[in-house]
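The file structure.txt contains compact mmCIF, C-alpha atoms and all ligand atoms:
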# COMPACT_ATOMS: atom_id res chain seq x y z
CA MET A 4 18.46 8.81 -3.51
CA ALA A 5 20.01 9.82 -0.18
CA ILE A 6 23.14 7.84 -1.01
CA GLU A 7 24.47 6.21 -4.18
CA ASN A 8 23.19 2.68 -4.86
CA PRO A 9 21.48 2.25 -1.47
CA VAL A 10 20.76 -1.25 -0.24
CA CYS A 11 16.99 -1.51 0.17
CA LEU A 12 15.41 -4.41 2.07
CA ILE A 13 11.74 -4.71 1.16
CA SER A 14 9.42 -7.06 3.03
CA GLY A 15 6.31 -8.35 1.28
CA ALA A 16 8.13 -7.77 -2.02
CA ALA A 17 6.20 -10.50 -3.85
CA GLY A 18 2.97 -8.58 -3.24
CA GLY A 19 1.45 -5.62 -5.06
CA ILE A 20 2.82 -2.60 -3.17
CA GLY A 21 6.06 -4.33 -2.13
CA ARG A 22 6.90 -5.27 -5.69
CA ALA A 23 6.09 -1.76 -6.95
CA CYS A 24 8.40 -0.30 -4.27
CA ALA A 25 11.16 -2.78 -5.15
CA GLU A 26 10.93 -1.96 -8.86
CA ARG A 27 10.85 1.79 -8.25
CA LEU A 28 13.79 1.79 -5.84
CA ALA A 29 15.78 -0.42 -8.24
CA ARG A 30 15.07 2.05 -11.08
CA GLU A 31 16.43 4.84 -8.84
CA GLY A 32 19.70 2.90 -8.44
CA GLY A 33 18.94 0.84 -5.36
CA ARG A 34 20.26 -2.66 -4.79
CA VAL A 35 17.24 -4.60 -3.57
CA VAL A 36 16.84 -7.44 -1.11
CA ALA A 37 13.29 -8.66 -1.68
CA VAL A 38 11.85 -10.73 1.17
CA ASP A 39 8.55 -12.59 1.16
CA ARG A 40 7.14 -15.87 2.45
CA SER A 41 5.92 -16.56 -1.08
CA ALA A 42 8.58 -17.32 -3.70
CA THR A 43 6.06 -17.14 -6.56
CA GLY A 44 7.59 -15.15 -9.40
CA SER A 45 10.82 -14.54 -7.50
CA ASP A 46 13.14 -15.31 -10.47
CA ASP A 47 11.20 -12.89 -12.64
CA LEU A 48 11.31 -10.30 -9.84
CA VAL A 49 15.10 -10.57 -9.50
CA ASP A 50 15.42 -10.10 -13.29
CA GLN A 51 13.17 -7.02 -13.10
CA LEU A 52 15.36 -5.62 -10.32
CA GLY A 53 18.53 -5.77 -12.39
CA GLY A 54 19.56 -9.41 -12.08
CA ARG A 55 21.58 -11.32 -9.51
CA SER A 56 24.40 -8.78 -9.26
CA ARG A 57 21.98 -6.10 -7.99
CA ALA A 58 19.13 -8.01 -6.36
CA LEU A 59 18.53 -10.88 -4.00
CA PHE A 60 15.33 -12.71 -3.15
CA VAL A 61 15.01 -14.29 0.30
CA GLN A 62 12.06 -16.53 1.08
CA ALA A 63 11.20 -16.06 4.75
CA ASP A 64 8.20 -16.07 7.06
CA LEU A 65 8.79 -12.84 8.98
CA THR A 66 6.55 -13.85 11.88
CA ASN A 67 9.45 -16.10 12.90
CA SER A 68 12.42 -14.33 14.52
CA ALA A 69 14.95 -16.89 13.26
CA GLU A 70 13.71 -16.21 9.72
CA ILE A 71 14.04 -12.45 10.32
CA GLY A 72 17.65 -13.01 11.36
CA ARG A 73 18.31 -15.15 8.29
CA ALA A 74 16.81 -12.55 5.91
CA VAL A 75 18.70 -9.62 7.43
CA GLY A 76 21.90 -11.69 7.59
CA ALA A 77 21.58 -12.57 3.90
CA ALA A 78 21.21 -8.88 3.00
CA VAL A 79 24.21 -7.80 5.08
CA ASP A 80 26.39 -10.70 3.84
CA ARG A 81 25.57 -9.91 0.25
CA PHE A 82 25.66 -6.10 0.18
CA GLY A 83 27.47 -5.11 3.40
CA GLY A 84 24.60 -3.30 5.15
CA ILE A 85 21.07 -1.97 4.81
CA ASP A 86 20.32 1.69 4.00
CA VAL A 87 16.56 1.55 3.45
CA LEU A 88 14.00 -0.77 5.05
CA VAL A 89 10.53 -0.79 3.52
CA ASN A 90 8.01 -2.77 5.57
CA CYS A 91 5.29 -3.83 3.10
CA ILE A 92 4.30 -7.11 4.71
CA GLY A 93 0.64 -7.34 5.61
CA VAL A 94 -2.52 -9.41 5.65
CA ALA A 95 -6.04 -8.01 5.50
CA SER A 96 -9.37 -9.30 6.74
CA LEU A 97 -12.91 -8.15 6.10
CA THR A 98 -14.25 -9.85 9.26
CA ARG A 99 -16.66 -7.60 11.13
CA VAL A 100 -16.57 -6.81 14.89
CA PRO A 101 -18.89 -9.63 16.10
CA ASP A 102 -17.07 -12.34 14.15
CA VAL A 103 -13.38 -11.66 14.88
CA THR A 104 -11.91 -14.66 16.71
CA GLU A 105 -8.93 -14.56 19.06
CA GLN A 106 -6.95 -16.59 16.56
CA GLU A 107 -7.70 -14.16 13.71
CA TRP A 108 -6.85 -11.17 15.91
CA ASP A 109 -3.50 -12.74 16.82
CA THR A 110 -2.66 -13.63 13.20
CA ILE A 111 -3.33 -10.10 11.95
CA PHE A 112 -1.31 -8.50 14.75
CA SER A 113 1.51 -11.01 14.37
CA VAL A 114 2.00 -10.24 10.68
CA ASN A 115 1.04 -6.55 10.51
CA LEU A 116 2.62 -5.19 13.69
CA ARG A 117 4.76 -7.71 15.60
CA SER A 118 6.87 -8.80 12.64
CA VAL A 119 7.25 -5.21 11.43
CA PHE A 120 8.65 -4.24 14.85
CA PHE A 121 11.06 -7.17 15.13
CA LEU A 122 12.32 -6.81 11.55
CA SER A 123 12.88 -3.08 12.17
CA GLN A 124 14.61 -3.81 15.49
CA HIS A 125 16.94 -6.28 13.76
CA VAL A 126 17.74 -3.95 10.87
CA LEU A 127 18.42 -1.10 13.33
CA THR A 128 21.25 -3.13 14.90
CA HIS A 129 23.01 -2.72 11.53
CA MET A 130 21.94 0.91 10.87
CA VAL A 131 22.89 2.34 14.28
CA PRO A 132 26.68 1.66 14.09
CA ARG A 133 26.71 3.23 10.61
CA ARG A 134 24.68 6.19 11.94
CA SER A 135 22.45 6.29 8.88
CA GLY A 136 19.39 4.67 7.43
CA THR A 137 15.69 5.09 6.91
CA ILE A 138 12.67 2.93 7.72
CA ILE A 139 9.42 3.29 5.80
CA THR A 140 6.36 1.28 6.78
CA ILE A 141 3.08 0.84 4.95
CA SER A 142 0.21 1.59 7.33
CA SER A 143 -3.28 2.27 5.93
CA ALA A 144 -5.99 4.92 5.71
CA SER A 145 -8.02 2.52 7.85
CA ALA A 146 -5.65 3.36 10.75
CA LYS A 147 -7.29 6.79 10.84
CA ILE A 148 -10.93 6.01 10.07
CA GLY A 149 -11.45 2.47 11.34
CA GLY A 150 -11.64 0.91 7.90
CA VAL A 151 -13.94 1.36 4.90
CA ALA A 152 -13.91 -2.36 4.26
CA VAL A 153 -11.45 -4.02 6.59
CA GLY A 154 -12.06 -5.38 10.08
CA PRO A 155 -11.25 -3.77 13.47
CA HIS A 156 -8.17 -5.94 14.03
CA TYR A 157 -6.63 -4.86 10.71
CA SER A 158 -7.33 -1.15 11.36
CA ALA A 159 -6.00 -1.38 14.91
CA SER A 160 -2.81 -3.10 13.74
CA LYS A 161 -2.28 -0.33 11.19
CA ALA A 162 -2.94 2.37 13.83
CA GLY A 163 -0.19 0.65 15.82
CA ILE A 164 2.15 1.19 12.86
CA ILE A 165 1.62 4.97 13.12
CA CYS A 166 2.71 5.01 16.77
CA LEU A 167 5.51 2.53 16.12
CA THR A 168 6.80 4.83 13.38
CA LYS A 169 6.99 7.73 15.84
CA SER A 170 8.78 5.55 18.42
CA LEU A 171 11.31 4.40 15.80
CA ALA A 172 11.77 8.02 14.66
CA LEU A 173 12.52 9.15 18.22
CA TYR A 174 14.89 6.24 18.80
CA GLY A 175 16.69 6.66 15.49
CA ALA A 176 17.05 10.45 15.42
CA PRO A 177 20.26 10.69 17.50
CA TYR A 178 21.86 8.28 15.02
CA GLY A 179 20.65 10.16 11.93
CA ILE A 180 18.11 7.42 11.20
CA THR A 181 14.63 8.45 10.05
CA ALA A 182 11.33 6.54 10.19
CA ASN A 183 8.11 7.39 8.39
CA CYS A 184 4.96 5.66 7.26
CA VAL A 185 2.67 5.81 4.26
CA CYS A 186 -1.09 5.39 4.67
CA PRO A 187 -2.59 4.23 1.37
CA GLY A 188 -6.30 4.06 0.79
CA PRO A 189 -7.59 1.06 -1.14
CA THR A 190 -5.00 0.11 -3.75
CA GLU A 191 -5.10 -2.23 -6.76
CA THR A 192 -3.14 -5.27 -5.57
CA PRO A 193 -3.73 -9.00 -5.04
CA MET A 194 -5.02 -8.05 -1.56
CA THR A 195 -7.98 -6.08 -2.92
CA ASP A 196 -8.38 -8.29 -6.02
CA ALA A 197 -9.42 -10.98 -3.55
CA TRP A 198 -12.39 -8.82 -2.44
CA GLY A 199 -14.13 -9.17 -5.82
CA ASP A 200 -15.33 -6.63 -8.38
CA ALA A 201 -18.66 -5.73 -6.77
CA LEU A 202 -17.14 -4.79 -3.41
CA ASN A 203 -14.23 -2.94 -5.06
CA ARG A 204 -16.64 -0.89 -7.20
CA GLU A 205 -18.68 0.01 -4.12
CA PHE A 206 -15.59 1.11 -2.16
CA ALA A 207 -14.10 3.03 -5.09
CA ALA A 208 -17.31 5.07 -5.32
CA ARG A 209 -16.65 6.37 -1.78
CA ILE A 210 -13.24 7.82 -2.75
CA PRO A 211 -13.34 11.48 -3.89
CA LEU A 212 -10.97 10.76 -6.81
CA GLY A 213 -13.29 7.89 -7.75
CA ARG A 214 -10.80 5.03 -8.02
CA TYR A 215 -8.28 2.94 -6.12
CA ALA A 216 -4.60 3.91 -6.07
CA THR A 217 -2.20 1.95 -8.22
CA ALA A 218 0.66 0.26 -6.39
CA ALA A 219 3.05 2.50 -8.34
CA GLU A 220 1.36 5.60 -6.89
CA VAL A 221 2.05 4.31 -3.37
CA ALA A 222 5.65 3.54 -4.41
CA HIS A 223 6.13 7.19 -5.49
CA ALA A 224 5.58 8.29 -1.87
CA VAL A 225 7.88 5.55 -0.56
CA CYS A 226 10.56 6.57 -3.04
CA PHE A 227 10.35 10.22 -1.91
CA LEU A 228 10.74 9.17 1.74
CA ALA A 229 13.76 7.01 0.80
CA SER A 230 15.38 9.89 -1.08
CA GLY A 231 17.79 12.57 0.05
CA ASP A 232 14.99 15.12 -0.43
CA ALA A 233 13.31 13.63 2.67
CA ARG A 234 16.35 13.55 4.95
CA TYR A 235 14.74 16.10 7.33
CA VAL A 236 11.37 14.28 7.37
CA THR A 237 10.87 11.87 10.27
CA GLY A 238 7.97 10.53 12.32
CA GLU A 239 5.66 11.59 9.47
CA ILE A 240 2.52 9.96 8.11
CA VAL A 241 2.09 10.41 4.37
CA ASP A 242 -1.45 9.89 3.02
CA VAL A 243 -1.96 8.46 -0.48
CA ASN A 244 -5.72 7.97 -0.56
CA GLY A 245 -7.46 9.95 -3.31
CA GLY A 246 -9.09 12.22 -0.71
CA LEU A 247 -10.68 9.41 1.32
CA VAL A 248 -9.18 10.84 4.51
CA MET A 249 -8.31 14.51 4.80
CA ASP A 250 -6.77 15.44 8.14
N1 LIG A 301 -3.98 -3.01 -1.11
C1 LIG A 301 -4.55 -2.09 -0.33
O1 LIG A 301 -5.67 -1.64 -0.57
C2 LIG A 301 -3.81 -1.57 0.87
C3 LIG A 301 -4.27 -0.38 1.47
C4 LIG A 301 -3.61 0.11 2.58
C5 LIG A 301 -2.52 -0.56 3.09
N2 LIG A 301 -2.10 -1.71 2.50
C6 LIG A 301 -0.93 -2.37 3.09
O2 LIG A 301 0.10 -2.41 2.14
C7 LIG A 301 0.95 -3.53 2.38
C8 LIG A 301 1.08 -4.33 1.09
O3 LIG A 301 -0.21 -4.81 0.74
P1 LIG A 301 -0.58 -5.33 -0.72
O4 LIG A 301 -1.89 -4.76 -1.05
O5 LIG A 301 0.57 -5.17 -1.63
O6 LIG A 301 -0.87 -6.86 -0.36
P2 LIG A 301 -0.33 -8.20 -1.04
O7 LIG A 301 -1.18 -9.27 -0.45
O8 LIG A 301 -0.30 -8.05 -2.52
O9 LIG A 301 1.17 -8.29 -0.50
C9 LIG A 301 1.48 -8.63 0.83
C10 LIG A 301 2.72 -9.52 0.80
O10 LIG A 301 3.09 -9.80 2.15
C11 LIG A 301 3.56 -11.14 2.16
N3 LIG A 301 3.48 -11.68 3.51
C12 LIG A 301 2.36 -11.85 4.27
N4 LIG A 301 2.69 -12.43 5.43
C13 LIG A 301 4.03 -12.64 5.40
C14 LIG A 301 4.95 -13.22 6.34
N5 LIG A 301 4.55 -13.72 7.50
N6 LIG A 301 6.27 -13.25 6.00
C15 LIG A 301 6.70 -12.76 4.80
N7 LIG A 301 5.86 -12.22 3.88
C16 LIG A 301 4.55 -12.16 4.18
C17 LIG A 301 2.61 -11.89 1.21
O11 LIG A 301 3.16 -13.12 0.77
C18 LIG A 301 2.44 -10.87 0.10
O12 LIG A 301 3.36 -11.06 -0.95
C19 LIG A 301 0.28 -4.30 3.52
O13 LIG A 301 0.89 -3.93 4.73
C20 LIG A 301 -1.13 -3.83 3.48
O14 LIG A 301 -1.77 -3.97 4.72
C21 LIG A 301 -2.70 -2.23 1.39

Output the file's structure as structure tokens, nothing else.
Amino acid sequence: MAIENPVCLISGAAGGIGRACAERLAREGGRVVAVDRSATGSDDLVDQLGGRSRALFVQADLTNSAEIGRAVGAAVDRFGGIDVLVNCIGVASLTRVPDVTEQEWDTIFSVNLRSVFFLSQHVLTHMVPRRSGTIITISSASAKIGGVAVGPHYSASKAGIICLTKSLALYGAPYGITANCVCPGPTETPMTDAWGDALNREFAARIPLGRYATAAEVAHAVCFLASGDARYVTGEIVDVNGGLVMD
């Protein structure tokens, strides 16, 4: 890791990719603040992350700025700062172009882009005075190709993450803060489990490597970006997609 025992705040940590990132960063020596609106399995998660002396779970709805403040405040109070922010929060939708409603558009953008920005903005207020830190956000292969399965609002929100990453990288660079994103293709998590076996088999057949990623495979890329080996990498988009998108 870039520093010893970094404090890693992971949003969406009760989900598939978030949990895999939390577990991987904890194994590498990180102290983890796991944040999610769902507290399901949170005691088990804290145990997995090394117990209460090394991990904290905060239940928060990150579309709400007061809840963002509470989650970040809890992390800073407990561990004294935040070294690594991993934005894994997200909701998907398979709704096609003609059927997307204004309400669904707003919900997807609120979770996938708006809350990622405001959580990052809040965490940066703690990283900037320390002149160090890294922000890693999970975008999606759909940001580049418009979505194999997912709707236009989801893909557009994830394309926004790519540009947001570059803006955060430019803002953070003078302070030694880096920002990168990872674009996974379809990955085995509760999000894709909800699509059903038939659809998942059909989509997997379109991937050159012939299968979905595991959440742990996405976490490998996140872990690299959080490590000292990536300290000169910023504004970058790392693809983990089995060859689905080659650009
Ligand atoms: N699974 C895939 O195929 C895939 C592919 C590309 C990108 N992604 C992205 O990876 C990230 C993680 O996805 P996943 O597959 O692990 O999904 P997941 O559904 O397993 O996890 C998402 C987590 O985000 C949490 N969350 C949602 N809204 C929240 C809110 N308002 N406040 C706090 N927590 C909230 C959920 O409770 C859930 O635990 C998402 O950004 C997703 O868009 C997933």

What residues have an atom no more than 12 Å from (-11.9, 11.3, 7.8) in the file's own frame, counting all atoms listed in the file, and can you write them as a ChimeraX atom specification?
/A:144-151,188,209-211,242,244,246-250

Distance limit 6 Å, reference ligand LIG 301 (chain A), atoms considered: all atoms listed in the file. Which residues make the cut? Give them as a PyMOL selection string.
chain A and resi 15-21+39-41+63-66+91-95+114+141-143+187-195

Output the selection as a PDB file, keeping the file's coordinate frame - C-alpha atoms for each residue.
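Writing done, so here's again-v3.pdb:
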ATOM      1  CA  GLY A  15       6.310  -8.350   1.280  1.00  0.00           C
ATOM      2  CA  ALA A  16       8.130  -7.770  -2.020  1.00  0.00           C
ATOM      3  CA  ALA A  17       6.200 -10.500  -3.850  1.00  0.00           C
ATOM      4  CA  GLY A  18       2.970  -8.580  -3.240  1.00  0.00           C
ATOM      5  CA  GLY A  19       1.450  -5.620  -5.060  1.00  0.00           C
ATOM      6  CA  ILE A  20       2.820  -2.600  -3.170  1.00  0.00           C
ATOM      7  CA  GLY A  21       6.060  -4.330  -2.130  1.00  0.00           C
ATOM      8  CA  ASP A  39       8.550 -12.590   1.160  1.00  0.00           C
ATOM      9  CA  ARG A  40       7.140 -15.870   2.450  1.00  0.00           C
ATOM     10  CA  SER A  41       5.920 -16.560  -1.080  1.00  0.00           C
ATOM     11  CA  ALA A  63      11.200 -16.060   4.750  1.00  0.00           C
ATOM     12  CA  ASP A  64       8.200 -16.070   7.060  1.00  0.00           C
ATOM     13  CA  LEU A  65       8.790 -12.840   8.980  1.00  0.00           C
ATOM     14  CA  THR A  66       6.550 -13.850  11.880  1.00  0.00           C
ATOM     15  CA  CYS A  91       5.290  -3.830   3.100  1.00  0.00           C
ATOM     16  CA  ILE A  92       4.300  -7.110   4.710  1.00  0.00           C
ATOM     17  CA  GLY A  93       0.640  -7.340   5.610  1.00  0.00           C
ATOM     18  CA  VAL A  94      -2.520  -9.410   5.650  1.00  0.00           C
ATOM     19  CA  ALA A  95      -6.040  -8.010   5.500  1.00  0.00           C
ATOM     20  CA  VAL A 114       2.000 -10.240  10.680  1.00  0.00           C
ATOM     21  CA  ILE A 141       3.080   0.840   4.950  1.00  0.00           C
ATOM     22  CA  SER A 142       0.210   1.590   7.330  1.00  0.00           C
ATOM     23  CA  SER A 143      -3.280   2.270   5.930  1.00  0.00           C
ATOM     24  CA  PRO A 187      -2.590   4.230   1.370  1.00  0.00           C
ATOM     25  CA  GLY A 188      -6.300   4.060   0.790  1.00  0.00           C
ATOM     26  CA  PRO A 189      -7.590   1.060  -1.140  1.00  0.00           C
ATOM     27  CA  THR A 190      -5.000   0.110  -3.750  1.00  0.00           C
ATOM     28  CA  GLU A 191      -5.100  -2.230  -6.760  1.00  0.00           C
ATOM     29  CA  THR A 192      -3.140  -5.270  -5.570  1.00  0.00           C
ATOM     30  CA  PRO A 193      -3.730  -9.000  -5.040  1.00  0.00           C
ATOM     31  CA  MET A 194      -5.020  -8.050  -1.560  1.00  0.00           C
ATOM     32  CA  THR A 195      -7.980  -6.080  -2.920  1.00  0.00           C
TER      33      THR A 195
END

Quote the spacing between atom CA of A:Arg99 and atom CA of A:Trp198 in Å to one decimal place.
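Between these atoms lies a distance of 14.3 Å.
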
Just give me the gap between atom CA of A:Glu70 and atom CA of A:Ala218 in Å, one decimal is fine.
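Between atom CA of A:Glu70 and atom CA of A:Ala218 the gap is 26.5 Å.
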
Find the residues around A:Ala176 up to 12 Å (all atoms listed in the file counted), leave out those fewer than 6 positions away in its own chain, and share them as a ChimeraX atom specification.
/A:127,130-131,134-138,168-170,182-183,234-238

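Using only C-alpha atoms, the residues found no farther than 12 Å from A:Asp109, other than those of its own chain fewer than 4 positions away, are A:Thr66, A:Val94, A:Val103, A:Thr104, A:Glu105, A:Ser113, A:Val114, A:Asn115, A:Leu116, A:Arg117, A:Ser118, A:His156, A:Tyr157, A:Ala159, A:Ser160.
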
Point-to-point distance in Å for atom CA of A:Phe121 and atom CA of A:Glu107
20.1 Å

Reconstructed N, CA, C and O atoms for stretch 195-213 of chain A, given as a PDB file, in the coordinates of the input:
ATOM      1  N   THR A 195      -6.616  -6.568  -2.637  1.00  0.00           N
ATOM      2  CA  THR A 195      -7.980  -6.080  -2.920  1.00  0.00           C
ATOM      3  C   THR A 195      -8.617  -6.848  -4.080  1.00  0.00           C
ATOM      4  O   THR A 195      -9.846  -6.940  -4.140  1.00  0.00           O
ATOM      5  N   ASP A 196      -7.808  -7.429  -4.974  1.00  0.00           N
ATOM      6  CA  ASP A 196      -8.380  -8.290  -6.020  1.00  0.00           C
ATOM      7  C   ASP A 196      -9.228  -9.387  -5.375  1.00  0.00           C
ATOM      8  O   ASP A 196     -10.277  -9.769  -5.894  1.00  0.00           O
ATOM      9  N   ALA A 197      -8.741  -9.864  -4.223  1.00  0.00           N
ATOM     10  CA  ALA A 197      -9.420 -10.980  -3.550  1.00  0.00           C
ATOM     11  C   ALA A 197     -10.805 -10.573  -3.028  1.00  0.00           C
ATOM     12  O   ALA A 197     -11.621 -11.433  -2.698  1.00  0.00           O
ATOM     13  N   TRP A 198     -11.085  -9.266  -2.949  1.00  0.00           N
ATOM     14  CA  TRP A 198     -12.390  -8.820  -2.440  1.00  0.00           C
ATOM     15  C   TRP A 198     -13.501  -8.920  -3.485  1.00  0.00           C
ATOM     16  O   TRP A 198     -14.667  -8.829  -3.152  1.00  0.00           O
ATOM     17  N   GLY A 199     -13.123  -9.029  -4.752  1.00  0.00           N
ATOM     18  CA  GLY A 199     -14.130  -9.170  -5.820  1.00  0.00           C
ATOM     19  C   GLY A 199     -14.550  -7.825  -6.394  1.00  0.00           C
ATOM     20  O   GLY A 199     -14.478  -6.782  -5.722  1.00  0.00           O
ATOM     21  N   ASP A 200     -15.008  -7.859  -7.641  1.00  0.00           N
ATOM     22  CA  ASP A 200     -15.330  -6.630  -8.380  1.00  0.00           C
ATOM     23  C   ASP A 200     -16.446  -5.808  -7.739  1.00  0.00           C
ATOM     24  O   ASP A 200     -16.364  -4.581  -7.685  1.00  0.00           O
ATOM     25  N   ALA A 201     -17.495  -6.473  -7.274  1.00  0.00           N
ATOM     26  CA  ALA A 201     -18.660  -5.730  -6.770  1.00  0.00           C
ATOM     27  C   ALA A 201     -18.260  -4.878  -5.559  1.00  0.00           C
ATOM     28  O   ALA A 201     -18.561  -3.678  -5.503  1.00  0.00           O
ATOM     29  N   LEU A 202     -17.562  -5.510  -4.623  1.00  0.00           N
ATOM     30  CA  LEU A 202     -17.140  -4.790  -3.410  1.00  0.00           C
ATOM     31  C   LEU A 202     -16.165  -3.669  -3.784  1.00  0.00           C
ATOM     32  O   LEU A 202     -16.263  -2.542  -3.271  1.00  0.00           O
ATOM     33  N   ASN A 203     -15.229  -3.960  -4.682  1.00  0.00           N
ATOM     34  CA  ASN A 203     -14.230  -2.940  -5.060  1.00  0.00           C
ATOM     35  C   ASN A 203     -14.897  -1.747  -5.744  1.00  0.00           C
ATOM     36  O   ASN A 203     -14.502  -0.600  -5.513  1.00  0.00           O
ATOM     37  N   ARG A 204     -15.926  -2.010  -6.558  1.00  0.00           N
ATOM     38  CA  ARG A 204     -16.640  -0.890  -7.200  1.00  0.00           C
ATOM     39  C   ARG A 204     -17.336  -0.039  -6.146  1.00  0.00           C
ATOM     40  O   ARG A 204     -17.298   1.192  -6.183  1.00  0.00           O
ATOM     41  N   GLU A 205     -17.952  -0.711  -5.181  1.00  0.00           N
ATOM     42  CA  GLU A 205     -18.680   0.010  -4.120  1.00  0.00           C
ATOM     43  C   GLU A 205     -17.713   0.888  -3.308  1.00  0.00           C
ATOM     44  O   GLU A 205     -17.997   2.053  -3.028  1.00  0.00           O
ATOM     45  N   PHE A 206     -16.547   0.338  -2.960  1.00  0.00           N
ATOM     46  CA  PHE A 206     -15.590   1.110  -2.160  1.00  0.00           C
ATOM     47  C   PHE A 206     -14.986   2.244  -2.977  1.00  0.00           C
ATOM     48  O   PHE A 206     -14.768   3.347  -2.467  1.00  0.00           O
ATOM     49  N   ALA A 207     -14.703   1.991  -4.246  1.00  0.00           N
ATOM     50  CA  ALA A 207     -14.100   3.030  -5.090  1.00  0.00           C
ATOM     51  C   ALA A 207     -15.027   4.232  -5.198  1.00  0.00           C
ATOM     52  O   ALA A 207     -14.576   5.388  -5.251  1.00  0.00           O
ATOM     53  N   ALA A 208     -16.336   3.982  -5.186  1.00  0.00           N
ATOM     54  CA  ALA A 208     -17.310   5.070  -5.320  1.00  0.00           C
ATOM     55  C   ALA A 208     -17.266   6.010  -4.109  1.00  0.00           C
ATOM     56  O   ALA A 208     -17.719   7.148  -4.180  1.00  0.00           O
ATOM     57  N   ARG A 209     -16.721   5.524  -2.984  1.00  0.00           N
ATOM     58  CA  ARG A 209     -16.650   6.370  -1.780  1.00  0.00           C
ATOM     59  C   ARG A 209     -15.397   7.255  -1.760  1.00  0.00           C
ATOM     60  O   ARG A 209     -15.203   8.071  -0.866  1.00  0.00           O
ATOM     61  N   ILE A 210     -14.504   7.071  -2.737  1.00  0.00           N
ATOM     62  CA  ILE A 210     -13.240   7.820  -2.750  1.00  0.00           C
ATOM     63  C   ILE A 210     -13.420   9.061  -3.619  1.00  0.00           C
ATOM     64  O   ILE A 210     -13.865   8.944  -4.771  1.00  0.00           O
ATOM     65  N   PRO A 211     -13.128  10.260  -3.094  1.00  0.00           N
ATOM     66  CA  PRO A 211     -13.340  11.480  -3.890  1.00  0.00           C
ATOM     67  C   PRO A 211     -12.740  11.411  -5.291  1.00  0.00           C
ATOM     68  O   PRO A 211     -13.377  11.859  -6.247  1.00  0.00           O
ATOM     69  N   LEU A 212     -11.544  10.861  -5.462  1.00  0.00           N
ATOM     70  CA  LEU A 212     -10.970  10.760  -6.810  1.00  0.00           C
ATOM     71  C   LEU A 212     -11.567   9.605  -7.613  1.00  0.00           C
ATOM     72  O   LEU A 212     -11.215   9.399  -8.775  1.00  0.00           O
ATOM     73  N   GLY A 213     -12.461   8.843  -7.011  1.00  0.00           N
ATOM     74  CA  GLY A 213     -13.290   7.890  -7.750  1.00  0.00           C
ATOM     75  C   GLY A 213     -12.628   6.583  -8.165  1.00  0.00           C
ATOM     76  O   GLY A 213     -13.201   5.836  -8.963  1.00  0.00           O
TER      77      GLY A 213
END
